[in-house]
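Chemist: Okay, so here is query-v1.txt, and as you'll see once you scroll down, it has compact mmCIF, C-alpha atoms and all ligand atoms.
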# COMPACT_ATOMS: atom_id res chain seq x y z
CA MET J 1 -20.10 -0.49 1.38
CA LYS J 2 -20.04 -4.06 0.23
CA GLN J 3 -18.89 -7.18 1.95
CA PRO J 4 -15.34 -8.40 1.30
CA ALA J 5 -15.96 -12.03 2.17
CA TYR J 6 -14.43 -14.88 0.29
CA ASP J 7 -17.43 -16.22 -1.60
CA LYS J 8 -17.19 -19.95 -2.21
CA SER J 9 -20.06 -20.01 -4.68
CA LEU J 10 -18.39 -17.30 -6.76
CA GLY J 11 -14.98 -18.82 -6.10
CA ARG J 12 -13.48 -15.41 -5.42
CA TRP J 13 -13.26 -12.53 -2.98
CA ARG J 14 -16.44 -10.60 -3.49
CA THR J 15 -15.10 -7.11 -2.98
CA TRP J 16 -12.69 -4.86 -1.10
CA HIS J 17 -13.84 -3.94 2.35
CA ASP J 18 -16.84 -3.47 4.57
CA ASP J 19 -18.18 -0.85 6.96
CA GLU J 20 -16.76 -2.65 9.94
CA ALA J 21 -13.22 -2.64 8.57
CA PRO J 22 -12.99 0.47 6.40
CA LEU J 23 -9.78 1.26 4.62
CA ARG J 24 -8.25 3.68 7.07
CA LEU J 25 -5.14 5.69 6.39
CA GLY J 26 -3.15 8.11 8.47
CA VAL J 27 -2.38 11.32 6.60
CA SER J 28 -0.54 14.59 7.11
CA SER J 29 -3.42 16.98 7.86
CA CYS J 30 -2.24 19.68 5.46
CA LEU J 31 -2.71 17.28 2.52
CA LEU J 32 -6.43 17.20 3.24
CA GLY J 33 -6.61 20.99 2.95
CA GLU J 34 -6.46 21.72 6.67
CA GLU J 35 -4.82 25.08 7.29
CA VAL J 36 -2.11 23.85 9.61
CA ARG J 37 1.10 24.84 7.85
CA TYR J 38 3.55 27.25 9.50
CA ASP J 39 2.07 30.13 7.46
CA GLY J 40 -1.56 29.18 8.12
CA GLY J 41 -1.91 27.64 4.66
CA HIS J 42 -2.44 24.07 3.46
CA CYS J 43 -1.13 21.72 0.76
CA ARG J 44 -4.38 20.12 -0.38
CA ASN J 45 -3.50 17.18 -2.62
CA ARG J 46 -6.20 16.57 -5.20
CA PHE J 47 -5.33 12.93 -5.81
CA VAL J 48 -5.39 12.19 -2.09
CA VAL J 49 -8.62 14.07 -1.38
CA ASP J 50 -10.66 13.62 -4.55
CA THR J 51 -9.56 10.18 -5.75
CA LEU J 52 -8.33 8.22 -2.76
CA GLY J 53 -10.83 9.98 -0.51
CA ARG J 54 -13.64 8.03 -2.20
CA TRP J 55 -12.22 4.82 -0.79
CA PHE J 56 -10.28 5.71 2.30
CA GLU J 57 -11.22 6.99 5.71
CA TRP J 58 -8.58 9.44 6.92
CA VAL J 59 -6.94 9.80 10.30
CA PRO J 60 -5.33 13.25 9.95
CA VAL J 61 -2.33 14.14 12.07
CA CYS J 62 -0.35 17.37 12.09
CA PRO J 63 2.53 16.70 14.47
CA GLU J 64 3.49 20.37 14.75
CA MET J 65 -0.04 21.54 15.57
CA GLU J 66 -0.62 18.68 17.98
CA LEU J 67 2.61 19.63 19.68
CA GLY J 68 1.03 23.03 20.32
CA MET J 69 3.17 25.04 17.93
CA GLY J 70 0.15 26.89 16.55
CA THR J 71 -0.17 28.84 13.34
CA PRO J 72 1.39 30.99 12.07
CA ARG J 73 4.63 29.72 13.60
CA PRO J 74 8.33 30.16 12.89
CA THR J 75 9.71 27.70 10.33
CA ILE J 76 11.64 24.77 11.70
CA ARG J 77 14.39 22.66 10.17
CA LEU J 78 16.73 19.77 10.80
CA GLN J 79 20.08 20.87 12.11
CA GLU J 80 23.17 18.76 12.66
CA ASP J 81 24.66 19.05 16.12
CA GLY J 82 27.66 16.74 16.35
CA ALA J 83 26.37 13.20 16.01
CA VAL J 84 22.71 14.15 16.45
CA VAL J 85 20.16 15.85 14.25
CA ARG J 86 17.95 18.39 15.98
CA LEU J 87 14.63 19.95 15.05
CA VAL J 88 15.02 23.66 15.62
CA ALA J 89 13.44 27.01 14.75
CA PRO J 90 16.40 29.01 13.42
CA GLN J 91 14.68 32.34 13.99
CA THR J 92 14.18 31.81 17.71
CA GLY J 93 16.73 29.09 18.40
CA GLU J 94 14.01 26.98 20.04
CA ASP J 95 14.78 23.25 20.02
CA PHE J 96 11.80 20.94 19.48
CA THR J 97 13.74 17.69 19.25
CA ARG J 98 12.84 16.17 22.59
CA ARG J 99 9.23 17.26 22.52
CA MET J 100 8.67 16.05 18.95
CA THR J 101 10.38 12.73 19.66
CA ALA J 102 8.28 12.11 22.77
CA PHE J 103 5.07 13.26 21.04
CA SER J 104 5.71 11.02 18.01
CA LYS J 105 6.30 7.96 20.14
CA LYS J 106 3.09 8.47 22.10
CA ARG J 107 0.95 9.46 19.10
CA ILE J 108 2.10 6.48 17.02
CA ARG J 109 1.23 4.15 19.91
CA GLN J 110 -2.28 5.66 19.84
CA LEU J 111 -2.48 5.35 16.06
CA ALA J 112 -1.58 1.68 16.29
CA LYS J 113 -4.94 1.19 18.01
CA SER J 114 -6.75 2.75 15.01
CA ASP J 115 -6.03 -0.23 12.76
CA LEU J 116 -4.46 1.78 9.97
CA ASP J 117 -3.92 0.23 6.54
CA GLY J 118 -1.31 2.77 5.51
CA TYR J 119 -0.04 6.30 5.87
CA ILE J 120 0.46 9.19 3.43
CA LEU J 121 2.89 11.87 4.52
CA LYS J 122 3.71 15.33 3.24
CA LYS J 123 6.99 15.43 1.42
CA GLY J 124 9.80 17.81 2.27
CA SER J 125 8.76 18.53 5.87
CA PRO J 126 11.25 18.30 8.78
CA SER J 127 8.44 16.60 10.73
CA CYS J 128 6.53 14.54 8.13
CA GLY J 129 9.04 14.10 5.28
CA THR J 130 10.24 10.55 4.67
CA GLU J 131 13.39 11.30 2.65
CA ARG J 132 15.76 13.93 1.29
CA ILE J 133 15.05 16.51 3.95
CA PRO J 134 17.81 19.15 4.09
CA VAL J 135 19.99 18.95 7.17
CA TYR J 136 21.63 22.25 8.03
CA GLY J 137 25.01 23.07 9.47
CA PRO J 138 26.40 26.45 10.57
CA LYS J 139 27.03 27.49 6.97
CA GLY J 140 23.84 26.27 5.30
CA VAL J 141 22.64 22.92 3.94
CA LEU J 142 25.10 20.14 4.80
CA ARG J 143 23.28 17.27 3.14
CA ARG J 144 19.88 16.39 1.73
CA ASN J 145 19.27 12.96 3.17
CA GLY J 146 17.44 13.77 6.39
CA VAL J 147 14.16 12.26 7.55
CA GLY J 148 11.43 14.16 9.38
CA LEU J 149 11.23 13.28 13.07
CA PHE J 150 7.63 12.09 13.04
CA ALA J 151 8.12 10.14 9.78
CA ASP J 152 11.26 8.51 11.18
CA ALA J 153 9.46 7.41 14.33
CA LEU J 154 6.52 6.12 12.29
CA SER J 155 8.62 3.87 10.05
CA ASN J 156 10.71 2.63 13.00
CA GLN J 157 7.82 1.95 15.35
CA TRP J 158 5.59 0.51 12.65
CA PRO J 159 7.77 -1.13 9.97
CA ALA J 160 4.93 -3.24 8.55
CA LEU J 161 2.73 -0.25 7.76
CA PRO J 162 2.67 0.85 4.10
CA ILE J 163 3.98 4.43 4.16
CA GLU J 164 4.40 6.78 1.21
CA HIS J 165 4.87 10.47 0.75
CA GLU J 166 2.53 12.32 -1.59
CA GLY J 167 5.29 13.13 -4.08
CA ARG J 168 5.99 9.46 -4.75
CA LEU J 169 2.31 8.88 -5.44
CA ASN J 170 2.83 10.82 -8.68
CA ASP J 171 4.83 7.87 -9.96
CA ALA J 172 2.35 5.39 -11.46
CA GLY J 173 4.32 2.30 -10.44
CA LEU J 174 4.93 3.43 -6.86
CA ARG J 175 1.32 4.50 -6.56
CA GLU J 176 0.01 1.12 -7.68
CA ASN J 177 2.39 -0.69 -5.38
CA PHE J 178 1.43 1.36 -2.36
CA ILE J 179 -2.32 1.09 -2.91
CA GLU J 180 -2.09 -2.63 -3.63
CA ARG J 181 -0.33 -3.07 -0.28
CA VAL J 182 -2.98 -0.99 1.46
CA PHE J 183 -5.83 -3.08 0.06
CA CYS J 184 -4.02 -6.31 0.82
CA ARG J 185 -3.39 -5.24 4.40
CA ASN J 186 -7.07 -4.33 4.72
CA ARG J 187 -8.18 -7.75 3.44
CA TRP J 188 -5.86 -9.42 5.94
CA ARG J 189 -7.22 -7.25 8.76
CA THR J 190 -10.75 -8.13 7.74
CA LEU J 191 -9.89 -11.80 7.77
CA LYS J 192 -8.36 -11.50 11.24
CA ARG J 193 -11.35 -9.60 12.54
CA ARG J 194 -13.69 -12.29 11.27
CA GLY J 195 -11.60 -15.00 12.84
CA LEU J 196 -8.56 -16.61 11.29
CA THR J 197 -8.61 -20.35 10.86
CA ARG J 198 -6.20 -22.58 9.01
CA GLY J 199 -8.82 -23.15 6.31
CA ARG J 200 -9.33 -19.42 5.83
CA LEU J 201 -5.58 -18.89 5.71
CA VAL J 202 -5.31 -21.44 2.90
CA ALA J 203 -8.19 -19.72 1.02
CA PHE J 204 -6.53 -16.31 1.50
CA HIS J 205 -3.16 -17.58 0.31
CA THR J 206 -4.69 -19.34 -2.69
CA ALA J 207 -6.66 -16.26 -3.74
CA HIS J 208 -3.53 -14.10 -3.48
CA LYS J 209 -1.21 -16.45 -5.36
CA PHE J 210 -0.77 -14.46 -8.58
CA LEU J 211 -0.76 -11.14 -6.75
CA LEU J 212 2.03 -12.28 -4.46
CA GLN J 213 3.97 -13.76 -7.37
CA ALA J 214 3.82 -10.41 -9.15
CA HIS J 215 5.57 -8.89 -6.14
CA ASN J 216 7.97 -11.58 -5.01
CA GLU J 217 7.93 -15.15 -6.38
CA ALA J 218 10.42 -16.50 -3.81
CA GLY J 219 8.49 -14.84 -0.99
CA TYR J 220 5.26 -16.36 -2.28
CA ARG J 221 6.85 -19.81 -2.18
CA ARG J 222 8.12 -19.25 1.35
CA LEU J 223 4.61 -18.32 2.42
CA GLY J 224 3.30 -21.44 0.69
CA LYS J 225 5.71 -23.60 2.72
CA LEU J 226 4.56 -21.87 5.85
CA VAL J 227 0.90 -22.59 5.08
CA ALA J 228 1.82 -26.21 4.33
CA SER J 229 3.64 -26.49 7.68
CA ALA J 230 0.41 -25.66 9.51
CA GLY J 231 0.40 -28.90 11.50
CA THR J 232 3.88 -28.41 12.93
CA VAL J 233 3.46 -24.99 14.57
CA SER J 234 0.81 -23.40 16.74
CA ASP J 235 -1.93 -21.40 15.02
CA ARG J 236 -0.73 -18.25 16.74
CA GLU J 237 2.82 -18.72 15.47
CA LEU J 238 1.60 -19.63 11.99
CA PHE J 239 -0.67 -16.59 11.61
CA ALA J 240 1.95 -14.19 13.00
CA SER J 241 4.65 -15.56 10.66
CA TYR J 242 2.28 -15.43 7.69
CA GLU J 243 1.32 -11.81 8.45
CA ASP J 244 4.95 -10.83 8.72
CA GLY J 245 5.87 -12.63 5.47
CA LEU J 246 2.85 -11.21 3.65
CA GLN J 247 3.82 -7.60 4.47
CA LYS J 248 7.38 -8.29 3.30
CA VAL J 249 6.28 -9.86 0.02
CA MET J 250 3.88 -7.02 -0.73
CA LYS J 251 6.57 -4.48 0.08
CA THR J 252 8.68 -5.75 -2.82
CA ARG J 253 7.70 -3.78 -5.86
CA ALA J 254 5.84 -5.56 -8.66
CA THR J 255 7.69 -4.99 -11.92
CA LYS J 256 6.75 -5.27 -15.58
CA LYS J 257 8.89 -8.37 -15.94
CA LYS J 258 7.18 -10.07 -13.00
CA HIS J 259 3.75 -9.13 -14.34
CA VAL J 260 4.69 -10.63 -17.71
CA ASN J 261 5.62 -13.91 -16.00
CA VAL J 262 2.34 -13.97 -14.11
CA LEU J 263 0.34 -13.22 -17.26
CA HIS J 264 2.07 -16.10 -19.10
CA HIS J 265 1.40 -18.33 -16.14
CA ALA J 266 -2.30 -17.41 -16.23
CA LEU J 267 -2.41 -18.02 -19.97
CA GLY J 268 -1.08 -21.52 -19.32
CA PHE J 269 -4.35 -22.37 -17.55
CA LEU J 270 -6.30 -21.41 -20.68
CA LYS J 271 -4.22 -23.11 -23.33
CA ARG J 272 -6.59 -26.05 -23.85
CA ASP J 273 -9.60 -23.74 -24.20
CA LEU J 274 -8.27 -21.10 -26.58
CA ASP J 275 -8.03 -21.37 -30.33
CA SER J 276 -4.76 -20.30 -31.89
CA ARG J 277 -6.05 -16.83 -32.87
CA ASP J 278 -7.26 -15.95 -29.37
CA LYS J 279 -4.07 -17.30 -27.88
CA ARG J 280 -1.98 -15.24 -30.30
CA GLU J 281 -3.95 -12.11 -29.49
CA ILE J 282 -3.33 -12.51 -25.77
CA LEU J 283 0.33 -13.35 -26.32
CA THR J 284 0.72 -10.24 -28.48
CA SER J 285 -0.89 -8.03 -25.85
CA ILE J 286 1.40 -9.48 -23.16
CA GLY J 287 4.40 -8.85 -25.41
CA ASP J 288 3.23 -5.28 -26.13
CA TYR J 289 2.74 -4.67 -22.42
CA GLY J 290 6.26 -5.97 -21.75
CA ALA J 291 7.61 -3.68 -24.48
CA GLY J 292 5.90 -0.65 -22.94
CA LEU J 293 3.38 -0.27 -25.77
CA LEU J 294 0.25 -1.13 -23.81
CA PRO J 295 -0.88 -0.74 -20.21
CA LEU J 296 -1.29 -3.80 -18.00
CA ILE J 297 -5.06 -3.43 -18.10
CA VAL J 298 -5.14 -4.61 -21.76
CA PRO J 299 -3.75 -8.16 -21.40
CA LEU J 300 -5.57 -8.42 -18.07
CA THR J 301 -8.90 -7.58 -19.68
CA LEU J 302 -8.34 -10.09 -22.47
CA LEU J 303 -7.43 -12.76 -19.95
CA ARG J 304 -10.34 -11.89 -17.69
CA TYR J 305 -12.77 -12.11 -20.59
CA ASN J 306 -11.51 -15.56 -21.55
CA ILE J 307 -11.36 -16.77 -17.97
CA ARG J 308 -15.04 -15.94 -17.59
CA LYS J 309 -15.97 -17.25 -21.04
CA HIS J 310 -14.28 -20.60 -20.45
CA ASP J 311 -15.24 -20.68 -16.79
CA ILE J 312 -11.75 -21.30 -15.40
CA GLY J 313 -12.73 -21.46 -11.74
CA TYR J 314 -9.21 -21.37 -10.31
CA LEU J 315 -8.37 -18.14 -12.14
CA GLN J 316 -11.70 -16.56 -11.25
CA GLY J 317 -10.60 -16.87 -7.65
CA GLN J 318 -7.37 -14.93 -8.23
CA LEU J 319 -7.40 -11.45 -6.71
CA TYR J 320 -4.62 -10.50 -9.09
CA PHE J 321 -7.25 -9.79 -11.72
CA ASP J 322 -9.18 -7.46 -9.41
CA PRO J 323 -7.02 -6.25 -6.51
CA HIS J 324 -8.42 -2.71 -6.20
CA PRO J 325 -11.28 -0.63 -7.61
CA LYS J 326 -11.00 -0.02 -11.33
CA GLU J 327 -11.94 3.63 -10.76
CA LEU J 328 -8.46 4.17 -9.32
CA MET J 329 -7.10 3.34 -12.80
CA LEU J 330 -3.87 2.03 -11.33
CA ARG J 331 -3.12 -0.31 -14.21
CA ASN J 332 -3.97 2.06 -17.02
CA HIS J 333 -0.51 3.56 -17.50
CA VAL J 334 2.21 2.48 -19.94
S1 LIG J 401 3.82 18.68 6.84
FE1 LIG J 401 3.16 17.67 8.73
S2 LIG J 401 3.77 19.08 10.34
FE2 LIG J 401 3.82 20.24 8.45
S3 LIG J 401 1.82 21.18 8.30
FE3 LIG J 401 1.69 19.26 7.20
S4 LIG J 401 0.93 17.83 8.70
FE4 LIG J 401 1.66 19.60 9.83
Would you write the structure of this file as C-alpha cells?
Ligand code: SF4

Modeler:
Amino acid sequence: MKQPAYDKSLGRWRTWHDDEAPLRLGVSSCLLGEEVRYDGGHCRNRFVVDTLGRWFEWVPVCPEMELGMGTPRPTIRLQEDGAVVRLVAPQTGEDFTRRMTAFSKKRIRQLAKSDLDGYILKKGSPSCGTERIPVYGPKGVLRRNGVGLFADALSNQWPALPIEHEGRLNDAGLRENFIERVFCRNRWRTLKRRGLTRGRLVAFHTAHKFLLQAHNEAGYRRLGKLVASAGTVSDRELFASYEDGLQKVMKTRATKKKHVNVLHHALGFLKRDLDSRDKREILTSIGDYGAGLLPLIVPLTLLRYNIRKHDIGYLQGQLYFDPHPKELMLRNHV
C-alpha cells in the first residue's frame, strides 16, 4: 500500500494509509461469512466483505462464540427484569448477563490495543445490535429500543470509535459519514505514530479544513482556536484536546446544505481565474446538487479540474476533494 504522508511538494496528503498503519476495523464475525450464528449459519455481508474488504483489515469478534456458547446454541434475547435488562436463553432459562458483561469489558480492553479505526456490528442481535433490539417481558415484546450487551459496552467504553451496524451502511449518507470518519481517524493515528509536532498538527488541520467544515463549521472553528492557542498549553494537552474535538466534529453528519456551503467557499478561491461560463457551469452543478438532481461527485469533479488547471495550491491541499478511495463511490449518489 502507498504512503499517506503529507507531501509538501505536492501540497497535499499523498494517499490514505500505509502498511504500518492499515485501516483496521472490528467486525461481527458472522458478517464476514464465519459460521458462528446460533444455528451454525452466517450473515455474510457483500458490501462489507467485497467492497470494504479491499481497504480494511478486519478484527472479527463473535461475543457469543468467544463466551463459549458454541454452535448450534439456543437463541438468546434481552429480557426485562425489574430495572435491569438481562441476556437470557428462554428455552433453558440460562442467564448470560454477568458473563457477557464481564467478557465484553475485558475483550474491548484488548481491542483497544489493536488500534481500531472503527467497528461494524451485526444489526438486530441481543449481543451485537446497536439499536432497536426487542426487550421481552413475561407476555412478549415490551419495547423495541434495547441495545445488545456487547454493543452497549463497546460504545460506552470507547465513545470516540466510529461504530455502525451493517443495516445503516445501506443508507448512502450514513455510509459516507461512517467511512469518512474511519479514514480520518486512520490519518490521525498515522500522524501520531509518526510523531505529532505542532507544525504537523497545523498541516493536518489545514488539510482537513473543508472536510471538517462539511461536518461541523462551529467545531472546525473551535479546533482552529485550539491550534492557535498552541503556545499557551502543553503539547500533550493540545494534542489530546485536538483529538477529542476532531472525533466530535467528524461524528456530526455532513449534510447537503453544508456541502453546498463548502463548495461555494471553494469556488470563491477560483473566482479570479474562471471566465463567466466556467463559473456559471460550476454554480449550476452546485445548485443541481443542492436540489437533489446531481450527486456530489459532479460539482467536486468540476472544481477539482479547475483547481488543477489554475494551480490553486491551497485547494490542492484540501482532503475534502479526496477523502477516501473513489472506488468506494461514496459521493456518487443523489
Ligand atoms: S451477531 Fe454477534 S454474537 Fe451473533 S453470531 Fe454475529 S458476531 Fe456472533

Chemist: To check your reading of the model: which residues sit at most 6 Å from ligand LIG 401 (chain J) when counting only C-alpha atoms and all ligand atoms? Write the answer as number ranges by chain.

Modeler: J: 28-30, 36-37, 61-64, 122, 125, 127-128

Chemist: Rounded to one decimal in Å, what is the spacing between CA of Glu66 in chain J and CA of Leu52 in chain J?

Modeler: 24.5 Å

Chemist: Quick one: of J:Pro134, J:Gly167, J:Pro60, J:Pro126, who's nearest to Leu149 in chain J, counting only C-alpha atoms?

Modeler: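 Selected residue with least distance to Leu149 in chain J: J:Pro126.
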
Chemist: What separation in Å, quoted to one decimal, exists between CA of Ser229 in chain J and CA of Leu196 in chain J?

Modeler: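 Between CA of Ser229 in chain J and CA of Leu196 in chain J the gap works out to 16.1 Å.
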
Chemist: Using only C-alpha atoms, can you tell me which of J:Asp322, J:Glu57, J:Asp288, J:Asp152 comes closest to Thr301 in chain J?

Modeler: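 Checking each candidate against Thr301 in chain J, we get J:Asp322 as the closest.
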
Chemist: How far is it from CA of Thr51 in chain J to CA of Pro325 in chain J, in Å with one decimal?

Modeler: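 Interatomic distance, CA of Thr51 in chain J to CA of Pro325 in chain J: 11.1 Å.
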
Chemist: Using only C-alpha atoms for the distances, tell me which of J:Arg308, J:Leu303, J:Gln316, J:Glu164 is nearest to Glu281 in chain J.

Modeler: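 Checking each of J:Arg308, J:Leu303, J:Gln316, J:Glu164 against Glu281 in chain J, counting only C-alpha atoms, the winner is J:Leu303.
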
Chemist: For Arg193 in chain J, which residue among J:Lys106, J:Lys326, J:Asn145, J:Asp115 is the nearest when counting all atoms listed in the file?

Modeler: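 Using all atoms listed in the file, Arg193 in chain J sits closest to J:Asp115.
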
Chemist: Between J:Thr252, J:Ser155, J:Gln247, J:Asn306, which has the minimum distance to Trp188 in chain J (counting only C-alpha atoms)?

Modeler: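 The answer is J:Gln247, which sits nearest to Trp188 in chain J.
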